[in-house]
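File shown: final_35.csv (CSV, C-alpha atoms and all ligand atoms).
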```csv
chain,number,residue,atom,x,y,z
A,1,MET,CA,0.0,0.0,0.0
A,2,PHE,CA,1.2,3.5,-0.6
A,3,TYR,CA,0.0,7.1,-0.1
A,4,ILE,CA,-0.4,9.9,-2.6
A,5,ILE,CA,0.0,13.2,-0.8
A,6,VAL,CA,-1.7,16.1,-2.6
A,7,PRO,CA,-1.4,19.7,-1.3
A,8,CYS,CA,-4.3,21.8,-2.5
A,9,HIS,CA,-4.9,25.5,-2.4
A,10,ASN,CA,-8.0,26.6,-4.3
A,11,GLU,CA,-8.2,23.6,-6.5
A,12,GLU,CA,-12.0,23.0,-6.6
A,13,ASN,CA,-11.9,22.4,-10.3
A,14,ASN,CA,-9.0,20.0,-10.3
A,15,ILE,CA,-9.8,17.5,-7.5
A,16,GLN,CA,-12.3,15.5,-9.6
A,17,ASN,CA,-10.0,15.3,-12.6
A,18,PHE,CA,-7.1,14.5,-10.5
A,19,ILE,CA,-8.8,11.5,-8.9
A,20,SER,CA,-10.0,10.1,-12.2
A,21,GLU,CA,-6.6,10.5,-13.7
A,22,ILE,CA,-5.0,8.6,-10.8
A,23,GLU,CA,-7.6,5.9,-11.1
A,24,LYS,CA,-7.1,5.6,-14.8
A,25,THR,CA,-3.3,5.3,-14.4
A,26,LEU,CA,-3.2,3.0,-11.4
A,27,LYS,CA,-6.1,0.7,-12.0
A,28,THR,CA,-4.1,-2.5,-12.2
A,29,ASN,CA,-3.0,-4.1,-9.0
A,30,ASN,CA,-2.0,-1.0,-7.1
A,31,ILE,CA,-3.2,-0.5,-3.6
A,32,TYR,CA,-3.1,3.1,-2.6
A,33,LYS,CA,-4.8,5.9,-0.7
A,34,ILE,CA,-5.0,9.6,-1.7
A,35,LEU,CA,-4.5,12.1,1.1
A,36,PHE,CA,-5.6,15.6,0.1
A,37,ILE,CA,-4.4,18.5,2.3
A,38,ASP,CA,-6.6,21.5,1.9
A,39,ASP,CA,-4.2,24.4,2.6
A,40,GLY,CA,-6.7,27.0,3.6
A,41,SER,CA,-8.6,27.2,0.4
A,42,GLU,CA,-11.2,30.0,0.0
A,43,ASP,CA,-13.2,28.1,-2.7
A,44,LYS,CA,-15.0,24.7,-2.5
A,45,THR,CA,-11.9,22.5,-2.4
A,46,TRP,CA,-12.8,21.1,1.0
A,47,ASP,CA,-16.4,20.3,0.0
A,48,LYS,CA,-15.0,18.5,-3.1
A,49,ILE,CA,-12.7,16.5,-0.9
A,50,ASN,CA,-15.6,15.7,1.4
A,51,LEU,CA,-17.8,14.6,-1.4
A,52,ASN,CA,-15.2,12.2,-2.6
A,53,PHE,CA,-14.4,11.0,0.9
A,54,ASN,CA,-18.1,9.9,1.2
A,55,LYS,CA,-18.2,7.8,-1.9
A,56,ASN,CA,-14.6,6.6,-2.3
A,57,LYS,CA,-12.8,4.5,0.3
A,58,ARG,CA,-9.4,5.6,-1.0
A,59,ILE,CA,-9.8,9.3,-0.3
A,60,SER,CA,-8.9,11.0,2.9
A,61,GLY,CA,-8.4,14.7,3.6
A,62,ILE,CA,-7.0,17.2,6.1
A,63,LYS,CA,-8.1,20.8,6.3
A,64,LEU,CA,-5.6,23.3,7.6
A,65,SER,CA,-6.9,26.2,9.5
A,66,LYS,CA,-5.4,28.8,7.1
A,67,ASN,CA,-3.0,29.0,4.2
A,68,PHE,CA,0.3,27.8,5.6
A,69,GLY,CA,2.0,27.3,2.2
A,70,LYS,CA,2.7,24.3,0.1
A,71,GLU,CA,5.7,23.1,2.0
A,72,SER,CA,3.7,23.1,5.3
A,73,ALA,CA,0.8,21.4,3.6
A,74,ILE,CA,3.1,18.6,2.5
A,75,GLU,CA,4.6,18.4,5.9
A,76,ALA,CA,1.1,18.0,7.4
A,77,GLY,CA,0.4,15.2,5.1
A,78,LEU,CA,3.6,13.3,5.8
A,79,ASN,CA,3.0,13.9,9.5
A,80,LYS,CA,-0.5,12.4,9.3
A,81,ILE,CA,0.7,9.1,7.8
A,82,ASN,CA,3.7,8.7,10.1
A,83,ASN,CA,2.0,6.2,12.4
A,84,ASP,CA,0.4,4.2,9.7
A,85,ASP,CA,2.0,0.8,9.7
A,86,GLU,CA,0.7,-0.4,6.4
A,87,TYR,CA,2.1,1.9,3.8
A,88,HIS,CA,5.5,1.4,2.1
A,89,PHE,CA,6.1,4.7,0.5
A,90,ALA,CA,4.5,8.1,-0.2
A,91,ILE,CA,4.3,10.0,-3.5
A,92,ILE,CA,4.0,13.8,-3.3
A,93,ILE,CA,2.3,15.4,-6.3
A,94,ASP,CA,0.5,18.7,-7.2
A,95,ALA,CA,-3.3,18.7,-7.6
A,96,ASP,CA,-3.3,20.8,-10.7
A,97,LEU,CA,-2.3,17.9,-13.0
A,98,GLN,CA,0.9,19.7,-14.0
A,99,HIS,CA,3.0,16.8,-12.8
A,100,PRO,CA,2.5,13.8,-15.1
A,101,ILE,CA,0.5,11.2,-13.3
A,102,SER,CA,1.6,8.7,-16.0
A,103,LYS,CA,5.1,8.7,-14.5
A,104,ILE,CA,3.9,7.2,-11.2
A,105,PRO,CA,4.3,3.5,-12.3
A,106,GLU,CA,7.9,4.3,-13.4
A,107,MET,CA,8.6,5.9,-10.0
A,108,ILE,CA,7.2,2.8,-8.3
A,109,SER,CA,9.4,0.5,-10.3
A,110,GLU,CA,12.5,2.5,-9.3
A,111,TRP,CA,11.4,2.1,-5.7
A,112,LYS,CA,11.2,-1.6,-6.2
A,113,LYS,CA,14.8,-1.5,-7.4
A,114,ASN,CA,15.5,-0.3,-3.8
A,115,TYR,CA,15.7,3.5,-4.4
A,116,LYS,CA,14.6,5.1,-1.2
A,117,ILE,CA,14.0,8.4,-2.9
A,118,VAL,CA,12.8,8.9,-6.4
A,119,THR,CA,12.8,12.6,-7.5
A,120,THR,CA,11.9,14.1,-10.8
A,121,PHE,CA,13.3,17.0,-12.9
A,122,LYS,CA,11.7,19.1,-15.5
A,123,GLU,CA,12.7,18.5,-19.1
A,124,ASN,CA,10.7,21.4,-20.4
A,125,ASN,CA,9.7,24.8,-19.2
A,126,VAL,CA,6.2,26.1,-18.8
A,127,GLU,CA,7.1,29.1,-16.6
A,128,ASN,CA,7.4,32.6,-17.9
A,129,ILE,CA,10.9,33.8,-18.7
A,130,PHE,CA,11.2,36.0,-15.6
A,131,ARG,CA,10.3,33.2,-13.2
A,132,LYS,CA,12.7,30.9,-15.0
A,133,PHE,CA,15.5,33.4,-14.8
A,134,GLY,CA,14.7,34.1,-11.2
A,135,SER,CA,14.7,30.4,-10.2
A,136,ASP,CA,17.8,29.6,-12.2
A,137,LEU,CA,19.7,32.4,-10.5
A,138,PHE,CA,18.3,31.4,-7.1
A,139,TYR,CA,19.3,27.8,-7.5
A,140,SER,CA,22.7,28.5,-8.9
A,141,ILE,CA,23.6,30.8,-6.0
A,142,MET,CA,22.2,28.4,-3.4
A,143,SER,CA,24.1,25.4,-4.8
A,144,LYS,CA,27.3,27.4,-4.6
A,145,TYR,CA,26.9,28.9,-1.2
A,146,SER,CA,24.7,26.7,1.0
A,147,ASP,CA,25.5,23.6,2.8
A,148,VAL,CA,23.1,21.4,0.8
A,149,LYS,CA,23.0,20.7,-2.8
A,150,PHE,CA,20.1,22.3,-4.8
A,151,VAL,CA,19.3,20.9,-8.2
A,152,THR,CA,17.8,23.6,-10.4
A,153,LYS,CA,15.3,21.5,-12.3
A,154,ASN,CA,14.1,19.3,-9.6
A,155,THR,CA,10.4,19.4,-8.9
A,156,ASP,CA,8.7,18.4,-5.7
A,157,PHE,CA,6.9,15.5,-7.4
A,158,MET,CA,8.7,12.7,-5.7
A,159,LEU,CA,8.5,9.3,-4.0
A,160,LEU,CA,9.7,8.9,-0.5
A,161,ASP,CA,10.2,5.5,1.2
A,162,LYS,CA,8.6,5.1,4.6
A,163,SER,CA,12.0,5.3,6.3
A,164,ILE,CA,12.6,8.6,4.7
A,165,VAL,CA,9.2,9.9,5.7
A,166,LYS,CA,10.1,8.9,9.3
A,167,VAL,CA,13.4,10.9,9.1
A,168,PHE,CA,11.6,13.9,7.6
A,169,ASN,CA,9.0,13.8,10.4
A,170,LYS,CA,11.7,13.6,13.1
A,171,LEU,CA,13.4,16.9,12.0
A,172,PRO,CA,12.3,19.4,14.6
A,173,GLU,CA,12.8,22.6,12.6
A,174,LYS,CA,10.2,24.7,10.8
A,175,ASN,CA,10.3,25.5,7.1
A,176,LYS,CA,11.6,22.2,5.9
A,177,PHE,CA,12.2,22.6,2.2
A,178,LEU,CA,11.3,19.2,0.8
A,179,LYS,CA,13.5,19.3,-2.3
A,180,VAL,CA,16.5,20.3,-0.2
A,181,PHE,CA,15.7,17.7,2.4
A,182,ALA,CA,15.6,14.9,-0.2
A,183,ASN,CA,19.2,15.9,-1.2
A,184,TRP,CA,20.4,16.4,2.3
A,185,THR,CA,19.5,12.9,3.6
A,186,GLY,CA,22.2,11.5,1.3
A,187,PHE,CA,20.2,8.4,0.6
A,188,LYS,CA,20.4,6.6,-2.7
A,189,ASN,CA,18.4,8.8,-5.0
A,190,LYS,CA,17.0,8.2,-8.5
A,191,SER,CA,15.9,11.2,-10.6
A,192,ILE,CA,13.7,10.8,-13.6
A,193,GLY,CA,12.9,13.3,-16.3
A,194,ILE,CA,9.3,14.5,-16.6
A,195,LYS,CA,7.4,16.9,-18.9
A,196,ILE,CA,5.4,19.5,-16.9
A,197,ASN,CA,1.9,20.0,-18.3
A,198,PRO,CA,0.3,23.3,-18.6
A,199,ARG,CA,-2.1,24.0,-15.7
A,200,GLU,CA,-5.5,22.3,-16.1
A,201,SER,CA,-7.6,24.8,-14.3
A,202,GLY,CA,-7.2,27.8,-12.0
A,203,THR,CA,-4.0,29.9,-11.8
A,204,SER,CA,-0.6,29.3,-10.2
A,205,LYS,CA,-0.6,30.3,-6.5
A,206,TYR,CA,2.9,31.7,-6.9
A,207,ASN,CA,3.4,35.3,-7.7
A,208,PHE,CA,6.5,37.4,-7.4
A,209,VAL,CA,5.9,38.1,-3.7
A,210,ASN,CA,5.4,34.6,-2.4
A,211,LEU,CA,8.2,33.2,-4.6
A,212,PHE,CA,10.4,35.8,-3.1
A,213,ARG,CA,9.2,34.8,0.3
A,214,THR,CA,9.9,31.1,-0.4
A,215,ALA,CA,13.4,32.0,-1.6
A,216,ILE,CA,14.2,34.0,1.5
A,217,ASN,CA,12.9,31.2,3.6
A,218,ALA,CA,15.1,28.7,1.8
A,219,ILE,CA,18.1,31.0,2.0
A,220,THR,CA,17.8,31.8,5.7
A,221,SER,CA,17.0,28.3,6.7
A,222,PHE,CA,19.7,26.5,4.8
A,223,SER,CA,22.4,29.1,4.4
A,224,LEU,CA,24.2,31.7,6.3
A,225,MET,CA,25.3,33.3,3.0
A,226,PRO,CA,23.7,36.7,3.4
A,227,ILE,CA,25.2,37.4,6.8
A,228,LYS,CA,28.5,36.0,5.7
A,229,ILE,CA,28.6,38.5,2.9
A,230,VAL,CA,28.2,41.3,5.4
A,231,GLY,CA,31.0,39.9,7.5
A,232,TYR,CA,33.3,39.4,4.5
A,233,LEU,CA,32.5,42.9,3.3
A,234,GLY,CA,33.6,44.3,6.6
A,235,LEU,CA,36.7,42.3,6.6
A,236,ILE,CA,37.6,43.5,3.1
A,237,MET,CA,37.0,47.1,4.1
A,238,SER,CA,39.3,46.8,7.1
A,239,VAL,CA,42.1,45.0,5.2
A,240,LEU,CA,42.0,47.6,2.4
A,241,SER,CA,42.2,50.5,4.8
A,242,ILE,CA,45.1,48.9,6.6
A,243,ILE,CA,46.9,48.5,3.3
A,244,LEU,CA,46.0,52.0,2.0
A,245,LEU,CA,47.1,53.9,5.1
A,246,PRO,CA,50.9,53.1,5.0
A,247,ILE,CA,50.9,53.5,1.2
A,248,LEU,CA,49.5,57.0,1.5
A,249,ILE,CA,51.9,57.9,4.3
A,250,ILE,CA,54.8,56.8,2.3
A,251,LEU,CA,53.6,58.7,-0.8
A,252,ASN,CA,53.3,61.7,1.5
A,253,ILE,CA,56.8,61.4,2.9
A,254,ILE,CA,58.4,61.1,-0.5
A,255,GLY,CA,56.4,64.2,-1.5
A,256,PHE,CA,54.2,62.5,-4.1
A,257,THR,CA,50.8,63.4,-2.8
A,258,PRO,CA,50.0,65.6,0.1
A,259,ILE,CA,47.8,63.8,2.6
A,260,SER,CA,45.3,65.7,4.7
A,261,VAL,CA,44.0,65.0,8.2
A,262,GLN,CA,40.6,64.4,6.7
A,263,THR,CA,41.9,61.6,4.5
A,264,LEU,CA,43.4,59.9,7.5
A,265,ILE,CA,40.2,60.2,9.5
A,266,ILE,CA,38.1,58.8,6.6
A,267,ILE,CA,40.4,55.8,6.2
A,268,PHE,CA,40.4,55.2,9.9
A,269,ASN,CA,36.6,55.4,9.8
A,270,VAL,CA,36.4,52.8,7.0
A,271,PHE,CA,38.7,50.6,9.0
A,272,LEU,CA,36.4,50.9,12.1
A,273,THR,CA,33.2,50.3,10.1
A,274,GLY,CA,34.8,47.3,8.5
A,275,ILE,CA,35.6,45.9,12.0
A,276,ILE,CA,32.0,46.5,13.1
A,277,LEU,CA,30.5,44.9,10.0
A,278,SER,CA,32.6,41.8,10.5
A,279,ALA,CA,31.6,41.6,14.1
A,280,ILE,CA,27.9,41.8,13.0
A,281,GLY,CA,28.6,39.0,10.6
A,282,LEU,CA,30.0,36.8,13.3
A,283,LEU,CA,27.2,37.7,15.7
A,284,GLY,CA,24.7,36.8,13.0
A,285,ILE,CA,26.2,33.4,12.7
A,286,TYR,CA,26.1,32.8,16.4
A,287,ILE,CA,22.5,34.1,16.6
A,288,SER,CA,21.4,31.9,13.8
A,289,ARG,CA,22.8,28.9,15.6
A,290,ILE,CA,20.7,29.8,18.6
A,291,HIS,CA,17.7,30.6,16.5
A,292,GLU,CA,17.8,27.2,14.9
A,293,ASN,CA,17.3,25.6,18.2
A,294,THR,CA,14.7,27.9,19.8
A,295,ILE,CA,11.9,28.0,17.1
A,296,LYS,CA,9.6,25.2,18.1
A,297,ARG,CA,6.4,26.7,16.6
A,298,PRO,CA,4.4,24.1,14.6
A,299,SER,CA,4.4,24.7,10.8
A,300,PHE,CA,0.7,23.9,10.5
A,301,ILE,CA,-2.6,23.5,12.4
A,302,ILE,CA,-5.2,21.0,11.5
A,303,GLU,CA,-8.8,22.3,11.6
A,304,ASP,CA,-10.7,19.3,10.4
A,305,GLU,CA,-9.9,15.8,9.0
A,306,LYS,CA,-11.5,12.9,7.2
A,307,ILE,CA,-9.4,9.8,7.4
A,308,GLN,CA,-10.3,6.4,6.3
B,401,LIG,N1,-0.4,24.8,-3.0
B,401,LIG,C1,-0.7,24.7,-1.7
B,401,LIG,N2,-0.5,25.8,-0.9
B,401,LIG,C2,-0.1,27.1,-1.4
B,401,LIG,C3,0.2,27.1,-2.8
B,401,LIG,C4,0.0,26.0,-3.5
B,401,LIG,O1,-1.0,23.7,-1.2
B,401,LIG,O2,0.0,28.0,-0.6
B,401,LIG,C5,-0.5,23.6,-3.9
B,401,LIG,C6,-1.4,23.9,-5.1
B,401,LIG,O3,-2.8,23.6,-4.9
B,401,LIG,C7,-0.8,22.8,-6.1
B,401,LIG,C8,0.6,22.8,-5.7
B,401,LIG,O4,0.7,23.3,-4.4
B,401,LIG,O5,-1.4,21.6,-5.9
B,401,LIG,C9,1.5,23.6,-6.7
B,401,LIG,O6,1.1,25.0,-6.7
B,401,LIG,P1,1.0,25.9,-8.0
B,401,LIG,O7,0.4,25.1,-9.1
B,401,LIG,O8,0.3,27.1,-7.6
B,401,LIG,O9,2.5,26.2,-8.2
B,401,LIG,P2,3.4,26.1,-9.6
B,401,LIG,O10,2.9,24.8,-10.3
B,401,LIG,O11,3.1,27.3,-10.3
B,401,LIG,O12,4.8,25.9,-9.1
B,402,MG,MG,1.1,24.1,-10.6
```

What does this structure look like when you write it as C-alpha cells?
Ligand code: UDP
Ligand code: MG
Amino acid sequence: MFYIIVPCHNEENNIQNFISEIEKTLKTNNIYKILFIDDGSEDKTWDKINLNFNKNKRISGIKLSKNFGKESAIEAGLNKINNDDEYHFAIIIDADLQHPISKIPEMISEWKKNYKIVTTFKENNVENIFRKFGSDLFYSIMSKYSDVKFVTKNTDFMLLDKSIVKVFNKLPEKNKFLKVFANWTGFKNKSIGIKINPRESGTSKYNFVNLFRTAINAITSFSLMPIKIVGYLGLIMSVLSIILLPILIILNIIGFTPISVQTLIIIFNVFLTGIILSAIGLLGIYISRIHENTIKRPSFIIEDEKIQ
C-alpha cells in the first residue's frame, strides 16, 4: 500500500479530474490511498474532498486552519501518515495535473529497485521567462553557497520511502524545504525526467511576492550566506584601509601626494566600520545557531480531518 499526498490551495476544479486521472493510471494491482491537504482554500476545495471522501474509500483529507503554504501542507500530510504501519512509500504530487501522473508507475518500479527516494526533474519549461530566470539564478547561487545541494530543475513531485518519511518527520525545525531535504539525507536517490503539463484549471498560486518569500525562507533556513557576505565585506574594508594607510603615508613622505588629516580620518573610519561589520557577521552566525534551536512553533494547524 502507498500514499499519494496532494497539497491543494483553491483547486476545486482540479480535484475530480485528479482523482479520475489517478484511477485511470493506477487501475491495475495498485493499492493506494489519496490524502488531500486543503491548505486554507477559499473556494469549494474542502467540499469537493468531502464529497469524494463519502463515496470513495481511497480518499482522505486534512483541512488546515489557514493557508500555511505548500511546504507546510506537504509536511502536514507526511506527519499524518507517520504512524500508519501499512504503507510502504508516499508520493507527493501537485493537484493541478501539472505533474504527469503517468510517471507514477515508473517511479514505483524504481522504488522496487531499492531506491529510497525517487525525484523528478523538468525536461521542459512552462514558466514565464522572468520566473525561469529568477529560479535559475536562485538555485545556482544556493548550490554554490549553501551547505546542501540544490538541483535547479528538480520538482517536488517525488516518491519517499517510509523510512525517509520517518526521518523527515523527526526533523524538529520549521520550514523544511522538501526538495532540499531529499538531497540532504544522502540516501540513494534516483531522478527521472518529466514533462510539466500546462495548468489544467485555475492559476498558479505563486506570484513574485510569495516566490520571493519562499526563496528568502530557503536562503535563511539553509544558508548563512547573506550574513557571511556582510561579514566578509567588513573584513575586506578593514584590510583595504590597513593596506591603504601606509601607502598614503609613504607617498606623502616622498612628497608624491600631500595627505590631509581628513583623509586619515576617513580611512580610519572605513577601518572601524569594517571591523563593526565583520563583528555583526560573526554575531549573526552565532544568533542563527541559537535561533535554529529555539523556534519550536508548529508549521501547520489541522482544523478538520476525514481519514479512512
Ligand atoms: N499549493 C498549496 N498551498 C499554497 C500554494 C500552492 O497547497 O499555498 C498547492 C497547489 O494547490 C498545487 C501545488 O501546491 O497543488 C502547486 O502549486 P501551484 O500550481 O500554484 O505552483 P506552480 O505549479 O506554479 O509551481
Ligand atoms: Mg502548478

Quick one: which chain A residues come within 6 Å of ligand LIG 401 (chain B), and what is the nearest atom pair for each with the distance in Å to one decimal, counting only C-alpha atoms and all ligand atoms, rows ordered by chain and ascending number, as JSON lines?
```
{"residue": "A:Pro7", "atom": "CA", "partner": "B:LIG401", "partner_atom": "O1", "distance": 4.0}
{"residue": "A:Cys8", "atom": "CA", "partner": "B:LIG401", "partner_atom": "O3", "distance": 3.4}
{"residue": "A:His9", "atom": "CA", "partner": "B:LIG401", "partner_atom": "O3", "distance": 3.8}
{"residue": "A:Glu11", "atom": "CA", "partner": "B:LIG401", "partner_atom": "O3", "distance": 5.6}
{"residue": "A:Asp39", "atom": "CA", "partner": "B:LIG401", "partner_atom": "O1", "distance": 5.0}
{"residue": "A:Asn67", "atom": "CA", "partner": "B:LIG401", "partner_atom": "O2", "distance": 5.7}
{"residue": "A:Gly69", "atom": "CA", "partner": "B:LIG401", "partner_atom": "O2", "distance": 3.5}
{"residue": "A:Lys70", "atom": "CA", "partner": "B:LIG401", "partner_atom": "N2", "distance": 3.7}
{"residue": "A:Ala73", "atom": "CA", "partner": "B:LIG401", "partner_atom": "O1", "distance": 5.6}
{"residue": "A:Asp94", "atom": "CA", "partner": "B:LIG401", "partner_atom": "O5", "distance": 3.7}
{"residue": "A:Ala95", "atom": "CA", "partner": "B:LIG401", "partner_atom": "O5", "distance": 3.9}
{"residue": "A:Asp96", "atom": "CA", "partner": "B:LIG401", "partner_atom": "O5", "distance": 5.2}
{"residue": "A:Ser204", "atom": "CA", "partner": "B:LIG401", "partner_atom": "O8", "distance": 3.5}
{"residue": "A:Lys205", "atom": "CA", "partner": "B:LIG401", "partner_atom": "O8", "distance": 3.5}
{"residue": "A:Tyr206", "atom": "CA", "partner": "B:LIG401", "partner_atom": "O8", "distance": 5.3}
```

Residues of the last selection are to be written out with C-alpha atoms, as a PDB file, keeping the file's coordinate frame.
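This went into result_9.pdb:
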```pdb
ATOM      1  CA  PRO A   7      -1.400  19.700  -1.300  1.00  0.00           C
ATOM      2  CA  CYS A   8      -4.300  21.800  -2.500  1.00  0.00           C
ATOM      3  CA  HIS A   9      -4.900  25.500  -2.400  1.00  0.00           C
ATOM      4  CA  GLU A  11      -8.200  23.600  -6.500  1.00  0.00           C
ATOM      5  CA  ASP A  39      -4.200  24.400   2.600  1.00  0.00           C
ATOM      6  CA  ASN A  67      -3.000  29.000   4.200  1.00  0.00           C
ATOM      7  CA  GLY A  69       2.000  27.300   2.200  1.00  0.00           C
ATOM      8  CA  LYS A  70       2.700  24.300   0.100  1.00  0.00           C
ATOM      9  CA  ALA A  73       0.800  21.400   3.600  1.00  0.00           C
ATOM     10  CA  ASP A  94       0.500  18.700  -7.200  1.00  0.00           C
ATOM     11  CA  ALA A  95      -3.300  18.700  -7.600  1.00  0.00           C
ATOM     12  CA  ASP A  96      -3.300  20.800 -10.700  1.00  0.00           C
ATOM     13  CA  SER A 204      -0.600  29.300 -10.200  1.00  0.00           C
ATOM     14  CA  LYS A 205      -0.600  30.300  -6.500  1.00  0.00           C
ATOM     15  CA  TYR A 206       2.900  31.700  -6.900  1.00  0.00           C
TER      16      TYR A 206
END
```

Find the residues near range 121-136 of chain A: any atom within 12 Å, counting only C-alpha atoms, skip ones fewer than 3 places away on the same chain, and give them as a PDB file with C-alpha atoms, in the coordinates of the input.
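File around_26.pdb, as written:
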```
ATOM      1  CA  GLN A  98       0.900  19.700 -14.000  1.00  0.00           C
ATOM      2  CA  HIS A  99       3.000  16.800 -12.800  1.00  0.00           C
ATOM      3  CA  PRO A 100       2.500  13.800 -15.100  1.00  0.00           C
ATOM      4  CA  LYS A 103       5.100   8.700 -14.500  1.00  0.00           C
ATOM      5  CA  VAL A 118      12.800   8.900  -6.400  1.00  0.00           C
ATOM      6  CA  TYR A 139      19.300  27.800  -7.500  1.00  0.00           C
ATOM      7  CA  SER A 140      22.700  28.500  -8.900  1.00  0.00           C
ATOM      8  CA  ILE A 141      23.600  30.800  -6.000  1.00  0.00           C
ATOM      9  CA  MET A 142      22.200  28.400  -3.400  1.00  0.00           C
ATOM     10  CA  SER A 143      24.100  25.400  -4.800  1.00  0.00           C
ATOM     11  CA  PHE A 150      20.100  22.300  -4.800  1.00  0.00           C
ATOM     12  CA  VAL A 151      19.300  20.900  -8.200  1.00  0.00           C
ATOM     13  CA  THR A 152      17.800  23.600 -10.400  1.00  0.00           C
ATOM     14  CA  LYS A 153      15.300  21.500 -12.300  1.00  0.00           C
ATOM     15  CA  ASN A 154      14.100  19.300  -9.600  1.00  0.00           C
ATOM     16  CA  THR A 155      10.400  19.400  -8.900  1.00  0.00           C
ATOM     17  CA  ASP A 156       8.700  18.400  -5.700  1.00  0.00           C
ATOM     18  CA  PHE A 157       6.900  15.500  -7.400  1.00  0.00           C
ATOM     19  CA  MET A 158       8.700  12.700  -5.700  1.00  0.00           C
ATOM     20  CA  LYS A 179      13.500  19.300  -2.300  1.00  0.00           C
ATOM     21  CA  LYS A 190      17.000   8.200  -8.500  1.00  0.00           C
ATOM     22  CA  SER A 191      15.900  11.200 -10.600  1.00  0.00           C
ATOM     23  CA  ILE A 192      13.700  10.800 -13.600  1.00  0.00           C
ATOM     24  CA  GLY A 193      12.900  13.300 -16.300  1.00  0.00           C
ATOM     25  CA  ILE A 194       9.300  14.500 -16.600  1.00  0.00           C
ATOM     26  CA  LYS A 195       7.400  16.900 -18.900  1.00  0.00           C
ATOM     27  CA  ILE A 196       5.400  19.500 -16.900  1.00  0.00           C
ATOM     28  CA  ASN A 197       1.900  20.000 -18.300  1.00  0.00           C
ATOM     29  CA  PRO A 198       0.300  23.300 -18.600  1.00  0.00           C
ATOM     30  CA  ARG A 199      -2.100  24.000 -15.700  1.00  0.00           C
ATOM     31  CA  SER A 204      -0.600  29.300 -10.200  1.00  0.00           C
ATOM     32  CA  TYR A 206       2.900  31.700  -6.900  1.00  0.00           C
ATOM     33  CA  ASN A 207       3.400  35.300  -7.700  1.00  0.00           C
ATOM     34  CA  PHE A 208       6.500  37.400  -7.400  1.00  0.00           C
ATOM     35  CA  VAL A 209       5.900  38.100  -3.700  1.00  0.00           C
ATOM     36  CA  ASN A 210       5.400  34.600  -2.400  1.00  0.00           C
ATOM     37  CA  LEU A 211       8.200  33.200  -4.600  1.00  0.00           C
ATOM     38  CA  PHE A 212      10.400  35.800  -3.100  1.00  0.00           C
ATOM     39  CA  THR A 214       9.900  31.100  -0.400  1.00  0.00           C
ATOM     40  CA  ALA A 215      13.400  32.000  -1.600  1.00  0.00           C
TER      41      ALA A 215
END
```

### Task
Using only C-alpha atoms and all ligand atoms, pick whichever of A:Lys33, A:Ile93, A:Leu283, A:Asp304 has the shortest atom-to-atom distance to ligand MG 402 (chain B).
A:Ile93

### Task
Pick out the closest residue to ligand MG 402 (chain B) from this set: A:Ile101, A:Ala182, A:Glu86, A:Gly202. Count only C-alpha atoms and all ligand atoms.
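Among the listed residues, the smallest separation from ligand MG 402 (chain B) belongs to A:Gly202.
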
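Within 10 Å of Leu159 in chain A, once all atoms listed in the file are used and residues closer than 3 positions along the same chain are dropped, the contacting residues are Phe2, Tyr3, Ile4, Ile5, Phe89, Ala90, Ile91, Ile92, Ile93, Ile104, Met107, Ile108, Glu110, Trp111, Tyr115, Lys116, Ile117, Val118, Thr119, Thr120, Asp156, Lys162, Ile164, Val165, Ala182, Asn189 and Lys190 of chain A.
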
### Query
Which neighbours of range 228-230 of chain A fall inside 9 Å, counting only C-alpha atoms, when residues of the same chain fewer than 4 positions from it are skipped, and could you give them as number ranges by chain?
A: 224, 234-235, 277-278, 280-282, 284-285

### Task
Write out as a PyMOL selection string which residues come within 10 Å of Gln16 in chain A when counting all atoms listed in the file, dropping same-chain ones fewer than 4 positions away.
chain A and resi 11-12+20-21+48-49+51-52+95

### Proximity to ligand MG 402 (chain B) - best of A:Leu233, A:Thr203, A:Leu272, A:Leu245, only C-alpha atoms and all ligand atoms
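With only C-alpha atoms and all ligand atoms as the atom set, the closest residue is A:Thr203.
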
### Query
At what distance in Å, to one decimal, does CA of Ile301 in chain A lie from CA of Arg58 in chain A?
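Those two atoms sit 23.4 Å apart.
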
### Task
Using only C-alpha atoms, find all polymer residues with an atom at most 9 Å away from the point (-4.9, 12.3, 2.8); report them as a ChimeraX atom specification.
/A:3-6,33-37,58-62,77,80-81,305-308

Write the residues you've just listed into a file as a CSV table (one decimal), keeping the file's coordinate frame, and include C-alpha atoms for each of them.
```csv
chain,number,residue,atom,x,y,z
A,3,TYR,CA,0.0,7.1,-0.1
A,4,ILE,CA,-0.4,9.9,-2.6
A,5,ILE,CA,0.0,13.2,-0.8
A,6,VAL,CA,-1.7,16.1,-2.6
A,33,LYS,CA,-4.8,5.9,-0.7
A,34,ILE,CA,-5.0,9.6,-1.7
A,35,LEU,CA,-4.5,12.1,1.1
A,36,PHE,CA,-5.6,15.6,0.1
A,37,ILE,CA,-4.4,18.5,2.3
A,58,ARG,CA,-9.4,5.6,-1.0
A,59,ILE,CA,-9.8,9.3,-0.3
A,60,SER,CA,-8.9,11.0,2.9
A,61,GLY,CA,-8.4,14.7,3.6
A,62,ILE,CA,-7.0,17.2,6.1
A,77,GLY,CA,0.4,15.2,5.1
A,80,LYS,CA,-0.5,12.4,9.3
A,81,ILE,CA,0.7,9.1,7.8
A,305,GLU,CA,-9.9,15.8,9.0
A,306,LYS,CA,-11.5,12.9,7.2
A,307,ILE,CA,-9.4,9.8,7.4
A,308,GLN,CA,-10.3,6.4,6.3
```

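Reported to one decimal place, the separation of CA of Ser201 in chain A from CA of Lys24 in chain A is 19.2 Å.
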
So which residues touch Asn82 in chain A within 8 Å, counting only C-alpha atoms, skipping near sequence neighbours fewer than 4 positions away, as a compact mmCIF listing (two decimals) with C-alpha atoms, keeping the file's coordinate frame?
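Full text of around_39.txt as output:
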```txt
# COMPACT_ATOMS: atom_id res chain seq x y z
CA LEU A 78 3.60 13.30 5.80
CA VAL A 165 9.20 9.90 5.70
CA LYS A 166 10.10 8.90 9.30
CA ASN A 169 9.00 13.80 10.40
```

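Atom pair CA of Ser163 in chain A / CA of Pro105 in chain A: separated by 20.2 Å.
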
### Task
Pick out the closest residue to Phe18 in chain A from this set: A:Glu200, A:Ile31, A:Asn83, A:Lys170. Count only C-alpha atoms.
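Comparing A:Glu200, A:Ile31, A:Asn83, A:Lys170 against Phe18 in chain A, the winner is A:Glu200.
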
### Task
Compare A:Ser238, A:Thr294, A:Asn29, A:Asn114 by their minimum atom-to-atom distance to Lys188 in chain A, counting only C-alpha atoms, and give me the closest one.
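Under the stated criterion, the closest residue is A:Asn114.
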